[in-house]
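Chemist: Next comes the structure file upload-v9.cif, holding mmCIF, C-alpha atoms and all ligand atoms.
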data_coords
#
loop_
_atom_site.label_atom_id
_atom_site.label_comp_id
_atom_site.auth_asym_id
_atom_site.auth_seq_id
_atom_site.Cartn_x
_atom_site.Cartn_y
_atom_site.Cartn_z
CA MET A 1 -65.36 -46.38 -118.06
CA SER A 2 -68.84 -45.66 -119.42
CA SER A 3 -72.13 -47.23 -118.60
CA LEU A 4 -75.60 -47.68 -120.04
CA ASN A 5 -78.90 -47.48 -118.18
CA ILE A 6 -81.20 -50.14 -119.53
CA LEU A 7 -84.85 -50.16 -118.45
CA PHE A 8 -86.79 -53.41 -118.75
CA VAL A 9 -90.56 -53.04 -118.28
CA GLY A 10 -92.51 -56.15 -117.23
CA ASP A 11 -95.46 -57.65 -119.12
CA VAL A 12 -97.73 -54.85 -120.35
CA PHE A 13 -101.27 -56.15 -119.85
CA GLY A 14 -104.26 -54.91 -121.87
CA SER A 15 -105.49 -51.36 -122.20
CA SER A 16 -104.79 -50.63 -118.52
CA GLY A 17 -101.15 -51.62 -118.99
CA ARG A 18 -100.79 -49.62 -122.18
CA ALA A 19 -102.31 -46.57 -120.48
CA VAL A 20 -100.00 -46.70 -117.48
CA LEU A 21 -97.02 -47.22 -119.78
CA ALA A 22 -97.94 -44.18 -121.88
CA LYS A 23 -98.41 -42.10 -118.77
CA MET A 24 -95.34 -43.12 -116.78
CA LEU A 25 -92.63 -44.27 -119.16
CA PRO A 26 -91.57 -40.83 -120.40
CA GLU A 27 -91.20 -39.60 -116.81
CA ILE A 28 -89.29 -42.71 -115.73
CA LYS A 29 -86.92 -42.50 -118.68
CA CYS A 30 -86.18 -38.90 -117.82
CA ALA A 31 -85.87 -39.45 -114.06
CA TYR A 32 -83.50 -42.43 -114.35
CA GLY A 33 -81.53 -41.29 -117.40
CA VAL A 34 -82.56 -44.34 -119.41
CA ASP A 35 -80.50 -45.01 -122.52
CA ILE A 36 -82.51 -47.90 -123.86
CA CYS A 37 -85.91 -49.34 -123.00
CA ILE A 38 -87.13 -52.90 -123.53
CA VAL A 39 -90.78 -53.79 -122.91
CA ASN A 40 -92.38 -57.22 -122.72
CA GLY A 41 -95.58 -56.87 -124.77
CA GLU A 42 -96.99 -60.37 -125.16
CA ASN A 43 -100.13 -59.50 -123.14
CA ALA A 44 -100.61 -55.96 -124.44
CA SER A 45 -103.71 -56.62 -126.57
CA HIS A 46 -106.68 -57.76 -124.47
CA GLY A 47 -104.31 -59.76 -122.26
CA ARG A 48 -103.16 -62.10 -125.00
CA GLY A 49 -100.97 -61.24 -127.95
CA LEU A 50 -99.89 -57.99 -129.56
CA SER A 51 -101.79 -56.14 -132.28
CA MET A 52 -99.95 -53.71 -134.51
CA ARG A 53 -101.84 -50.84 -132.87
CA SER A 54 -100.74 -51.93 -129.41
CA ALA A 55 -97.15 -52.28 -130.61
CA ASP A 56 -97.34 -48.76 -132.02
CA GLU A 57 -98.63 -47.48 -128.65
CA ILE A 58 -95.74 -49.14 -126.83
CA TYR A 59 -93.20 -47.58 -129.18
CA LEU A 60 -94.93 -44.21 -128.93
CA ALA A 61 -94.61 -44.42 -125.13
CA GLY A 62 -90.85 -44.71 -125.55
CA ALA A 63 -89.87 -48.36 -125.97
CA ASP A 64 -86.95 -49.31 -128.21
CA CYS A 65 -87.77 -53.00 -128.47
CA ILE A 66 -90.61 -55.39 -127.56
CA THR A 67 -90.09 -58.92 -126.25
CA MET A 68 -92.73 -61.64 -126.25
CA GLY A 69 -93.54 -65.06 -124.77
CA ASN A 70 -96.10 -67.85 -124.85
CA HIS A 71 -98.83 -65.52 -126.19
CA THR A 72 -96.76 -64.39 -129.17
CA TRP A 73 -99.16 -65.83 -131.75
CA ASN A 74 -102.50 -65.11 -130.02
CA ASN A 75 -103.17 -62.05 -132.15
CA ASN A 76 -103.04 -63.08 -135.81
CA GLU A 77 -101.93 -59.65 -136.96
CA ILE A 78 -98.45 -60.37 -135.71
CA TYR A 79 -97.74 -62.80 -138.55
CA ARG A 80 -97.98 -59.83 -140.93
CA TYR A 81 -95.73 -57.37 -139.17
CA ILE A 82 -93.39 -59.21 -136.79
CA ASP A 83 -90.51 -59.16 -139.27
CA ASP A 84 -90.78 -55.42 -139.79
CA TYR A 85 -90.96 -54.32 -136.13
CA ARG A 86 -88.29 -54.48 -133.44
CA ILE A 87 -90.02 -57.47 -131.86
CA VAL A 88 -88.12 -60.38 -130.29
CA ARG A 89 -90.11 -63.59 -129.80
CA PRO A 90 -88.80 -66.70 -128.04
CA ALA A 91 -85.79 -68.08 -129.89
CA ASN A 92 -86.78 -71.65 -129.02
CA PHE A 93 -89.97 -71.71 -131.12
CA ALA A 94 -90.24 -73.75 -134.33
CA SER A 95 -87.67 -72.56 -136.86
CA SER A 96 -90.33 -72.24 -139.58
CA LEU A 97 -92.14 -69.47 -137.68
CA PRO A 98 -91.56 -65.82 -138.62
CA GLY A 99 -89.76 -63.32 -136.44
CA ARG A 100 -86.48 -63.50 -134.59
CA GLY A 101 -85.29 -64.63 -131.17
CA ASP A 102 -82.62 -61.99 -130.76
CA ILE A 103 -81.81 -58.51 -131.97
CA LEU A 104 -78.97 -56.02 -131.85
CA LEU A 105 -80.14 -52.51 -130.93
CA GLU A 106 -78.00 -49.49 -131.67
CA CYS A 107 -77.68 -47.14 -128.73
CA GLY A 108 -75.29 -44.42 -129.84
CA GLN A 109 -71.93 -46.12 -130.21
CA TYR A 110 -72.93 -49.00 -127.94
CA PRO A 111 -74.94 -51.88 -129.41
CA VAL A 112 -77.20 -53.77 -127.02
CA GLY A 113 -78.23 -57.37 -127.67
CA VAL A 114 -81.66 -58.59 -126.63
CA VAL A 115 -82.65 -62.27 -126.44
CA ASN A 116 -86.04 -63.81 -125.67
CA VAL A 117 -86.52 -67.46 -124.69
CA GLN A 118 -89.45 -69.37 -123.21
CA GLY A 119 -89.28 -71.86 -120.37
CA ARG A 120 -90.48 -75.47 -120.52
CA VAL A 121 -91.62 -76.10 -116.95
CA TYR A 122 -95.43 -75.72 -116.70
CA MET A 123 -95.36 -74.13 -120.17
CA ASP A 124 -96.41 -75.21 -123.67
CA PRO A 125 -93.84 -77.39 -125.45
CA CYS A 126 -90.92 -75.60 -127.06
CA ASP A 127 -87.28 -76.32 -127.86
CA ASN A 128 -84.50 -76.30 -125.28
CA PRO A 129 -84.30 -72.72 -123.93
CA PHE A 130 -80.79 -73.14 -122.54
CA GLU A 131 -79.29 -74.25 -125.85
CA ALA A 132 -81.26 -71.61 -127.75
CA ALA A 133 -80.16 -68.84 -125.39
CA TYR A 134 -76.53 -69.96 -125.48
CA GLU A 135 -76.53 -70.02 -129.27
CA ALA A 136 -78.04 -66.52 -129.54
CA VAL A 137 -75.76 -65.10 -126.85
CA SER A 138 -72.65 -66.59 -128.47
CA ARG A 139 -73.58 -64.97 -131.77
CA LEU A 140 -74.38 -61.58 -130.19
CA ARG A 141 -71.14 -61.54 -128.20
CA GLU A 142 -69.22 -61.23 -131.44
CA ARG A 143 -70.84 -57.78 -131.77
CA THR A 144 -71.42 -56.57 -128.18
CA SER A 145 -70.81 -57.43 -124.56
CA VAL A 146 -74.05 -55.80 -123.36
CA ILE A 147 -76.82 -58.38 -123.66
CA ILE A 148 -80.22 -58.62 -121.94
CA VAL A 149 -82.05 -61.96 -121.83
CA ASP A 150 -85.82 -62.03 -121.20
CA PHE A 151 -86.54 -65.55 -119.92
CA HIS A 152 -90.30 -65.93 -120.18
CA ALA A 153 -90.97 -68.80 -117.81
CA GLU A 154 -93.18 -70.00 -114.98
CA ALA A 155 -90.84 -71.89 -112.66
CA SER A 156 -88.48 -69.88 -110.48
CA ALA A 157 -85.96 -72.76 -110.45
CA GLU A 158 -85.76 -72.79 -114.25
CA LYS A 159 -85.19 -69.02 -114.27
CA ALA A 160 -82.46 -69.19 -111.61
CA ALA A 161 -80.76 -72.03 -113.48
CA MET A 162 -80.77 -69.94 -116.68
CA ALA A 163 -79.26 -66.98 -114.86
CA PHE A 164 -76.39 -69.03 -113.46
CA TYR A 165 -75.96 -70.82 -116.81
CA LEU A 166 -75.41 -67.46 -118.54
CA ASP A 167 -73.59 -65.76 -115.66
CA GLY A 168 -70.60 -63.86 -117.04
CA LEU A 169 -71.85 -64.12 -120.62
CA VAL A 170 -74.69 -61.57 -120.47
CA THR A 171 -75.48 -58.34 -118.64
CA ALA A 172 -78.80 -59.52 -117.25
CA VAL A 173 -81.30 -62.35 -117.17
CA VAL A 174 -84.74 -61.00 -116.32
CA GLY A 175 -87.71 -63.26 -115.73
CA THR A 176 -91.17 -62.49 -117.10
CA HIS A 177 -94.56 -64.28 -117.35
CA THR A 178 -95.75 -64.72 -113.75
CA HIS A 179 -96.89 -61.05 -113.53
CA VAL A 180 -95.74 -60.84 -109.90
CA GLN A 181 -92.57 -58.91 -109.16
CA THR A 182 -90.07 -60.78 -107.03
CA ALA A 183 -87.78 -59.09 -104.51
CA ASP A 184 -84.68 -61.13 -105.31
CA GLU A 185 -82.78 -58.84 -107.67
CA LYS A 186 -79.05 -59.43 -107.43
CA ILE A 187 -75.79 -59.51 -109.34
CA LEU A 188 -74.33 -63.01 -109.71
CA PRO A 189 -70.60 -63.74 -109.20
CA GLY A 190 -69.78 -63.46 -112.91
CA GLY A 191 -71.42 -60.03 -113.21
CA THR A 192 -74.86 -60.95 -114.57
CA ALA A 193 -77.84 -59.17 -113.02
CA PHE A 194 -80.85 -61.36 -112.26
CA ILE A 195 -84.42 -61.08 -111.07
CA THR A 196 -86.81 -64.03 -111.05
CA ASP A 197 -89.70 -61.90 -112.33
CA VAL A 198 -89.96 -58.24 -113.24
CA GLY A 199 -93.73 -58.21 -112.65
CA MET A 200 -96.67 -56.90 -114.65
CA THR A 201 -97.50 -53.47 -116.01
CA GLY A 202 -101.26 -53.60 -115.81
CA PRO A 203 -104.40 -53.50 -113.66
CA GLU A 204 -103.74 -53.81 -109.94
CA ASP A 205 -107.28 -54.84 -108.98
CA SER A 206 -107.11 -58.14 -110.86
CA VAL A 207 -105.89 -61.73 -110.79
CA ILE A 208 -102.59 -61.30 -112.64
CA GLY A 209 -104.33 -58.95 -115.05
CA MET A 210 -107.68 -60.69 -115.57
CA ASP A 211 -111.05 -59.68 -114.14
CA LYS A 212 -111.34 -61.28 -110.68
CA GLY A 213 -114.90 -62.64 -110.88
CA ALA A 214 -114.42 -65.12 -113.70
CA VAL A 215 -111.12 -66.36 -112.32
CA ILE A 216 -112.55 -66.87 -108.83
CA ASN A 217 -115.57 -68.70 -110.27
CA LYS A 218 -113.32 -71.04 -112.21
CA PHE A 219 -111.28 -71.88 -109.12
CA VAL A 220 -114.23 -72.15 -106.74
CA ARG A 221 -116.71 -74.01 -108.96
CA CYS A 222 -114.36 -75.65 -111.49
CA VAL A 223 -116.38 -74.50 -114.50
CA PRO A 224 -115.14 -73.11 -117.83
CA GLU A 225 -114.93 -69.33 -117.85
CA ARG A 226 -114.07 -66.69 -120.41
CA PHE A 227 -111.49 -64.36 -118.90
CA SER A 228 -111.39 -60.66 -119.68
CA PRO A 229 -108.74 -58.10 -118.79
CA ALA A 230 -109.59 -56.10 -115.68
CA ASP A 231 -110.22 -52.38 -115.89
CA GLY A 232 -108.95 -49.77 -113.51
CA ALA A 233 -105.73 -48.17 -112.51
CA GLY A 234 -102.54 -49.94 -113.37
CA SER A 235 -99.10 -50.21 -111.83
CA LEU A 236 -95.80 -50.27 -113.68
CA ASN A 237 -93.19 -52.88 -112.78
CA ALA A 238 -89.69 -52.69 -114.17
CA VAL A 239 -86.00 -53.04 -113.44
CA LEU A 240 -83.23 -50.62 -114.24
CA ILE A 241 -79.93 -52.28 -115.08
CA THR A 242 -76.71 -50.30 -115.29
CA ALA A 243 -74.19 -51.96 -117.58
CA ASP A 244 -70.46 -51.41 -118.04
CA THR A 245 -70.21 -50.91 -121.81
CA GLN A 246 -66.72 -52.38 -122.03
CA THR A 247 -67.17 -55.57 -120.07
CA GLY A 248 -70.94 -55.98 -120.29
CA ARG A 249 -71.03 -56.65 -116.55
CA ALA A 250 -73.98 -55.32 -114.59
CA GLU A 251 -72.99 -52.60 -112.16
CA ASN A 252 -76.41 -52.37 -110.58
CA ILE A 253 -79.98 -53.62 -110.78
CA VAL A 254 -82.83 -51.66 -109.21
CA ARG A 255 -86.48 -52.69 -108.95
CA ILE A 256 -89.11 -50.16 -109.93
CA ARG A 257 -92.75 -50.51 -108.87
CA LEU A 258 -94.99 -47.52 -109.36
FE FE A 301 -96.63 -65.31 -120.63
#
So, in terms of structure tokens, how does the structure I just supplied come out?
Modeler:
Amino acid sequence: MSSLNILFVGDVFGSSGRAVLAKMLPEIKCAYGVDICIVNGENASHGRGLSMRSADEIYLAGADCITMGNHTWNNNEIYRYIDDYRIVRPANFASSLPGRGDILLECGQYPVGVVNVQGRVYMDPCDNPFEAAYEAVSRLRERTSVIIVDFHAEASAEKAAMAFYLDGLVTAVVGTHTHVQTADEKILPGGTAFITDVGMTGPEDSVIGMDKGAVINKFVRCVPERFSPADGAGSLNAVLITADTQTGRAENIVRIRL
């Protein structure tokens, strides 16, 4: 029996997030024997969207694939390059949009499928994430049993429902978007690893990545504010999933917070 170590790094936020990723990812990959690394990058450029330069930085740090979310289209550059990079945006967006909702990565002799879907609870309108995920997973399972689903969603109930819906069909369902790591990592009865949210890779001294002052002023005084990414030292939040390459079942899921 052989296994794969798959590292999933939570939402990289702004320059602080990119800096901490560049600094820590090579060490983490070495320390944990990572075979493949997936990074959520929808907040990597100034907290919203992903420029080509930021994508290049993420790949240079050691990522194999970048997943996205509700901020996929916030940086206009992405329309030009999304089809040429290993970027996976939510599968349940309008079918006329560029990009793809799933990808098959080659990792030696073991292909790894990656799917990205966006939730609908407290999120902008999008198509049914459950049907979109099931369709992508069914297609990928003809090629591999090792599949990671990034469910970019706000509501913990929607994320848990997705995990149980796909239990036994995928290696892991990992939640992103809230920027706060949850301590509920587990392996479900069918062998699918799950965590409600991986957490953010970005500035610690912030309100989920943004400068505190403007956010506090908006909440306290109820006035419009322009948010900017916070500066300062960042933390890296991730999960390491060990997958059985034959069955696709998760053998282990470990939280990382550095
Ligand atoms: Fe998001």
Chemist: I'd like to know which of A:Ser156, A:Ser206, A:Asn74, A:Asn217 is closest to A:Pro229, using all atoms listed in the file.
Modeler: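 Under the stated criterion, the closest residue is A:Ser206.
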Chemist: Taking only C-alpha atoms into account, which of A:Glu42, A:Glu204, A:Glu154, A:Glu106 comes nearest A:Pro90?
Modeler: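 Among the listed residues, A:Glu42 lies closest to A:Pro90.
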Chemist: Counting all atoms listed in the file, what residues are within 7 Å of ligand FE 301 (chain A), given as a PyMOL selection string?
Modeler: chain A and resi 42+69-71+152+177-178
Chemist: Quick one: everything within 9 Å of A:Leu140, counting all atoms listed in the file, minus sequence neighbours fewer than 4 positions away in the same chain. Send it as a PyMOL selection string.
Modeler: chain A and resi 102-104+112-114+135-136+144-147
Chemist: Between A:Tyr79, A:Phe164, A:Phe13, A:Phe93, which is the closest to A:Met200 once you count all atoms listed in the file?
Modeler: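 Of all the options, A:Phe13 lies closest to A:Met200.
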Chemist: Mind checking which residues fall within 8 Å of A:Met52, counting all atoms listed in the file, ignoring those fewer than 3 positions away in the same chain, and posting them as a count of residues only?
Modeler: 5
Chemist: For a quick check of understanding, using only C-alpha atoms, which of A:Gly175, A:Gly33, A:Pro111, A:Gly41 has the smallest distance to A:Gly202?
Modeler: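 Checking each candidate against A:Gly202, we get A:Gly41 as the closest.
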Chemist: Need the shell around A:Ile195: protein/DNA/RNA residues with any atom at most 10 Å away, counting all atoms listed in the file. Skip same-chain ones fewer than 2 positions apart. Format as a list of chain:residue names?
Modeler: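 Close residues of A:Ile195: A:Ser156, A:Lys159, A:Ala160, A:Ala163, A:Ala172, A:Val173, A:Val174, A:Gly175, A:Thr176, A:Gln181, A:Thr182, A:Ala183, A:Asp184, A:Glu185, A:Lys186, A:Ile187, A:Ala193, A:Asp197, A:Val198, A:Gly199, A:Val239, A:Ile253, A:Val254, A:Arg255.
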Chemist: Quick one: pull the distance between atom CA of A:Asp124 and atom CA of A:His46, Å, one decimal.
Modeler: 20.3 Å
Chemist: Give me stretch 1-114 of chain A from this structure - C-alpha atoms, as a PDB file, in the first residue's frame.
Modeler:
ATOM      1  CA  MET A   1       0.000   0.000   0.000  1.00  0.00           C
ATOM      2  CA  SER A   2       1.360   3.446  -0.861  1.00  0.00           C
ATOM      3  CA  SER A   3       0.232   6.835   0.247  1.00  0.00           C
ATOM      4  CA  LEU A   4       0.443  10.474  -0.780  1.00  0.00           C
ATOM      5  CA  ASN A   5       0.958  13.466   1.485  1.00  0.00           C
ATOM      6  CA  ILE A   6      -1.191  16.305   0.229  1.00  0.00           C
ATOM      7  CA  LEU A   7      -0.770  19.763   1.750  1.00  0.00           C
ATOM      8  CA  PHE A   8      -3.650  22.223   1.451  1.00  0.00           C
ATOM      9  CA  VAL A   9      -2.762  25.807   2.414  1.00  0.00           C
ATOM     10  CA  GLY A  10      -5.626  28.097   3.459  1.00  0.00           C
ATOM     11  CA  ASP A  11      -6.484  31.439   1.844  1.00  0.00           C
ATOM     12  CA  VAL A  12      -3.273  33.354   1.119  1.00  0.00           C
ATOM     13  CA  PHE A  13      -4.069  36.978   1.958  1.00  0.00           C
ATOM     14  CA  GLY A  14      -2.220  39.943   0.430  1.00  0.00           C
ATOM     15  CA  SER A  15       1.496  40.612   0.521  1.00  0.00           C
ATOM     16  CA  SER A  16       1.762  39.407   4.126  1.00  0.00           C
ATOM     17  CA  GLY A  17       0.287  36.042   3.140  1.00  0.00           C
ATOM     18  CA  ARG A  18       2.503  35.722   0.091  1.00  0.00           C
ATOM     19  CA  ALA A  19       5.571  36.545   2.185  1.00  0.00           C
ATOM     20  CA  VAL A  20       4.820  33.966   4.858  1.00  0.00           C
ATOM     21  CA  LEU A  21       4.076  31.382   2.176  1.00  0.00           C
ATOM     22  CA  ALA A  22       7.401  32.031   0.440  1.00  0.00           C
ATOM     23  CA  LYS A  23       9.230  31.812   3.733  1.00  0.00           C
ATOM     24  CA  MET A  24       7.575  28.748   5.243  1.00  0.00           C
ATOM     25  CA  LEU A  25       6.260  26.539   2.463  1.00  0.00           C
ATOM     26  CA  PRO A  26       9.608  25.081   1.359  1.00  0.00           C
ATOM     27  CA  GLU A  27      10.420  24.120   4.964  1.00  0.00           C
ATOM     28  CA  ILE A  28       6.975  22.627   5.555  1.00  0.00           C
ATOM     29  CA  LYS A  29       7.106  20.594   2.357  1.00  0.00           C
ATOM     30  CA  CYS A  30      10.461  19.196   3.392  1.00  0.00           C
ATOM     31  CA  ALA A  31       9.513  18.563   7.028  1.00  0.00           C
ATOM     32  CA  TYR A  32       6.254  16.753   6.224  1.00  0.00           C
ATOM     33  CA  GLY A  33       7.368  14.973   3.044  1.00  0.00           C
ATOM     34  CA  VAL A  34       4.713  16.698   0.963  1.00  0.00           C
ATOM     35  CA  ASP A  35       4.028  15.122  -2.423  1.00  0.00           C
ATOM     36  CA  ILE A  36       1.614  17.709  -3.724  1.00  0.00           C
ATOM     37  CA  CYS A  37       0.631  21.180  -2.549  1.00  0.00           C
ATOM     38  CA  ILE A  38      -2.649  22.999  -3.196  1.00  0.00           C
ATOM     39  CA  VAL A  39      -3.036  26.657  -2.198  1.00  0.00           C
ATOM     40  CA  ASN A  40      -6.187  28.756  -2.067  1.00  0.00           C
ATOM     41  CA  GLY A  41      -5.174  32.060  -3.668  1.00  0.00           C
ATOM     42  CA  GLU A  42      -8.368  34.050  -4.148  1.00  0.00           C
ATOM     43  CA  ASN A  43      -7.228  36.768  -1.690  1.00  0.00           C
ATOM     44  CA  ALA A  44      -3.559  36.819  -2.647  1.00  0.00           C
ATOM     45  CA  SER A  45      -3.543  40.197  -4.423  1.00  0.00           C
ATOM     46  CA  HIS A  46      -4.415  43.060  -2.056  1.00  0.00           C
ATOM     47  CA  GLY A  47      -6.944  40.806  -0.320  1.00  0.00           C
ATOM     48  CA  ARG A  48      -9.166  40.364  -3.353  1.00  0.00           C
ATOM     49  CA  GLY A  49      -8.367  38.406  -6.478  1.00  0.00           C
ATOM     50  CA  LEU A  50      -5.185  37.002  -7.961  1.00  0.00           C
ATOM     51  CA  SER A  51      -2.823  38.869 -10.279  1.00  0.00           C
ATOM     52  CA  MET A  52      -0.494  36.930 -12.527  1.00  0.00           C
ATOM     53  CA  ARG A  53       2.457  38.136 -10.454  1.00  0.00           C
ATOM     54  CA  SER A  54       0.894  36.850  -7.249  1.00  0.00           C
ATOM     55  CA  ALA A  55       0.132  33.521  -8.907  1.00  0.00           C
ATOM     56  CA  ASP A  56       3.754  33.301 -10.013  1.00  0.00           C
ATOM     57  CA  GLU A  57       4.892  33.984  -6.425  1.00  0.00           C
ATOM     58  CA  ILE A  58       2.648  31.211  -5.107  1.00  0.00           C
ATOM     59  CA  TYR A  59       4.030  28.734  -7.626  1.00  0.00           C
ATOM     60  CA  LEU A  60       7.580  29.867  -6.912  1.00  0.00           C
ATOM     61  CA  ALA A  61       6.969  29.161  -3.211  1.00  0.00           C
ATOM     62  CA  GLY A  62       6.164  25.562  -4.110  1.00  0.00           C
ATOM     63  CA  ALA A  63       2.459  25.235  -4.930  1.00  0.00           C
ATOM     64  CA  ASP A  64       1.300  22.769  -7.577  1.00  0.00           C
ATOM     65  CA  CYS A  65      -2.187  24.195  -8.015  1.00  0.00           C
ATOM     66  CA  ILE A  66      -4.202  27.263  -6.936  1.00  0.00           C
ATOM     67  CA  THR A  67      -7.874  27.166  -5.969  1.00  0.00           C
ATOM     68  CA  MET A  68     -10.150  30.196  -5.853  1.00  0.00           C
ATOM     69  CA  GLY A  69     -13.539  31.371  -4.538  1.00  0.00           C
ATOM     70  CA  ASN A  70     -15.896  34.334  -4.512  1.00  0.00           C
ATOM     71  CA  HIS A  71     -13.064  36.786  -5.323  1.00  0.00           C
ATOM     72  CA  THR A  72     -11.988  34.906  -8.448  1.00  0.00           C
ATOM     73  CA  TRP A  73     -12.801  37.782 -10.802  1.00  0.00           C
ATOM     74  CA  ASN A  74     -11.758  40.745  -8.622  1.00  0.00           C
ATOM     75  CA  ASN A  75      -8.446  41.155 -10.422  1.00  0.00           C
ATOM     76  CA  ASN A  76      -9.136  41.600 -14.135  1.00  0.00           C
ATOM     77  CA  GLU A  77      -5.818  40.094 -15.150  1.00  0.00           C
ATOM     78  CA  ILE A  78      -7.162  36.655 -14.403  1.00  0.00           C
ATOM     79  CA  TYR A  79      -9.393  36.664 -17.483  1.00  0.00           C
ATOM     80  CA  ARG A  80      -6.215  36.683 -19.583  1.00  0.00           C
ATOM     81  CA  TYR A  81      -4.288  33.890 -17.936  1.00  0.00           C
ATOM     82  CA  ILE A  82      -6.675  31.620 -16.009  1.00  0.00           C
ATOM     83  CA  ASP A  83      -6.831  29.063 -18.819  1.00  0.00           C
ATOM     84  CA  ASP A  84      -3.052  28.793 -19.015  1.00  0.00           C
ATOM     85  CA  TYR A  85      -2.290  28.383 -15.296  1.00  0.00           C
ATOM     86  CA  ARG A  86      -3.102  25.491 -12.975  1.00  0.00           C
ATOM     87  CA  ILE A  87      -5.935  27.490 -11.423  1.00  0.00           C
ATOM     88  CA  VAL A  88      -9.226  25.919 -10.323  1.00  0.00           C
ATOM     89  CA  ARG A  89     -12.131  28.331  -9.834  1.00  0.00           C
ATOM     90  CA  PRO A  90     -15.556  27.343  -8.493  1.00  0.00           C
ATOM     91  CA  ALA A  91     -17.195  24.822 -10.798  1.00  0.00           C
ATOM     92  CA  ASN A  92     -20.634  26.265 -10.079  1.00  0.00           C
ATOM     93  CA  PHE A  93     -20.024  29.632 -11.765  1.00  0.00           C
ATOM     94  CA  ALA A  94     -21.688  30.586 -15.068  1.00  0.00           C
ATOM     95  CA  SER A  95     -20.661  28.155 -17.793  1.00  0.00           C
ATOM     96  CA  SER A  96     -19.701  31.014 -20.130  1.00  0.00           C
ATOM     97  CA  LEU A  97     -16.874  32.133 -17.823  1.00  0.00           C
ATOM     98  CA  PRO A  98     -13.281  31.089 -18.544  1.00  0.00           C
ATOM     99  CA  GLY A  99     -11.300  28.685 -16.424  1.00  0.00           C
ATOM    100  CA  ARG A 100     -12.138  25.287 -15.014  1.00  0.00           C
ATOM    101  CA  GLY A 101     -13.753  23.920 -11.863  1.00  0.00           C
ATOM    102  CA  ASP A 102     -11.588  20.831 -11.597  1.00  0.00           C
ATOM    103  CA  ILE A 103      -8.169  19.622 -12.632  1.00  0.00           C
ATOM    104  CA  LEU A 104      -6.159  16.424 -12.673  1.00  0.00           C
ATOM    105  CA  LEU A 105      -2.613  16.903 -11.360  1.00  0.00           C
ATOM    106  CA  GLU A 106       0.107  14.405 -12.123  1.00  0.00           C
ATOM    107  CA  CYS A 107       2.101  13.394  -9.076  1.00  0.00           C
ATOM    108  CA  GLY A 108       4.516  10.732 -10.271  1.00  0.00           C
ATOM    109  CA  GLN A 109       2.381   7.750 -11.187  1.00  0.00           C
ATOM    110  CA  TYR A 110      -0.516   8.942  -9.034  1.00  0.00           C
ATOM    111  CA  PRO A 111      -2.912  11.535 -10.452  1.00  0.00           C
ATOM    112  CA  VAL A 112      -4.660  13.787  -7.949  1.00  0.00           C
ATOM    113  CA  GLY A 113      -7.985  15.441  -8.732  1.00  0.00           C
ATOM    114  CA  VAL A 114      -8.775  18.892  -7.375  1.00  0.00           C
TER     115      VAL A 114
END
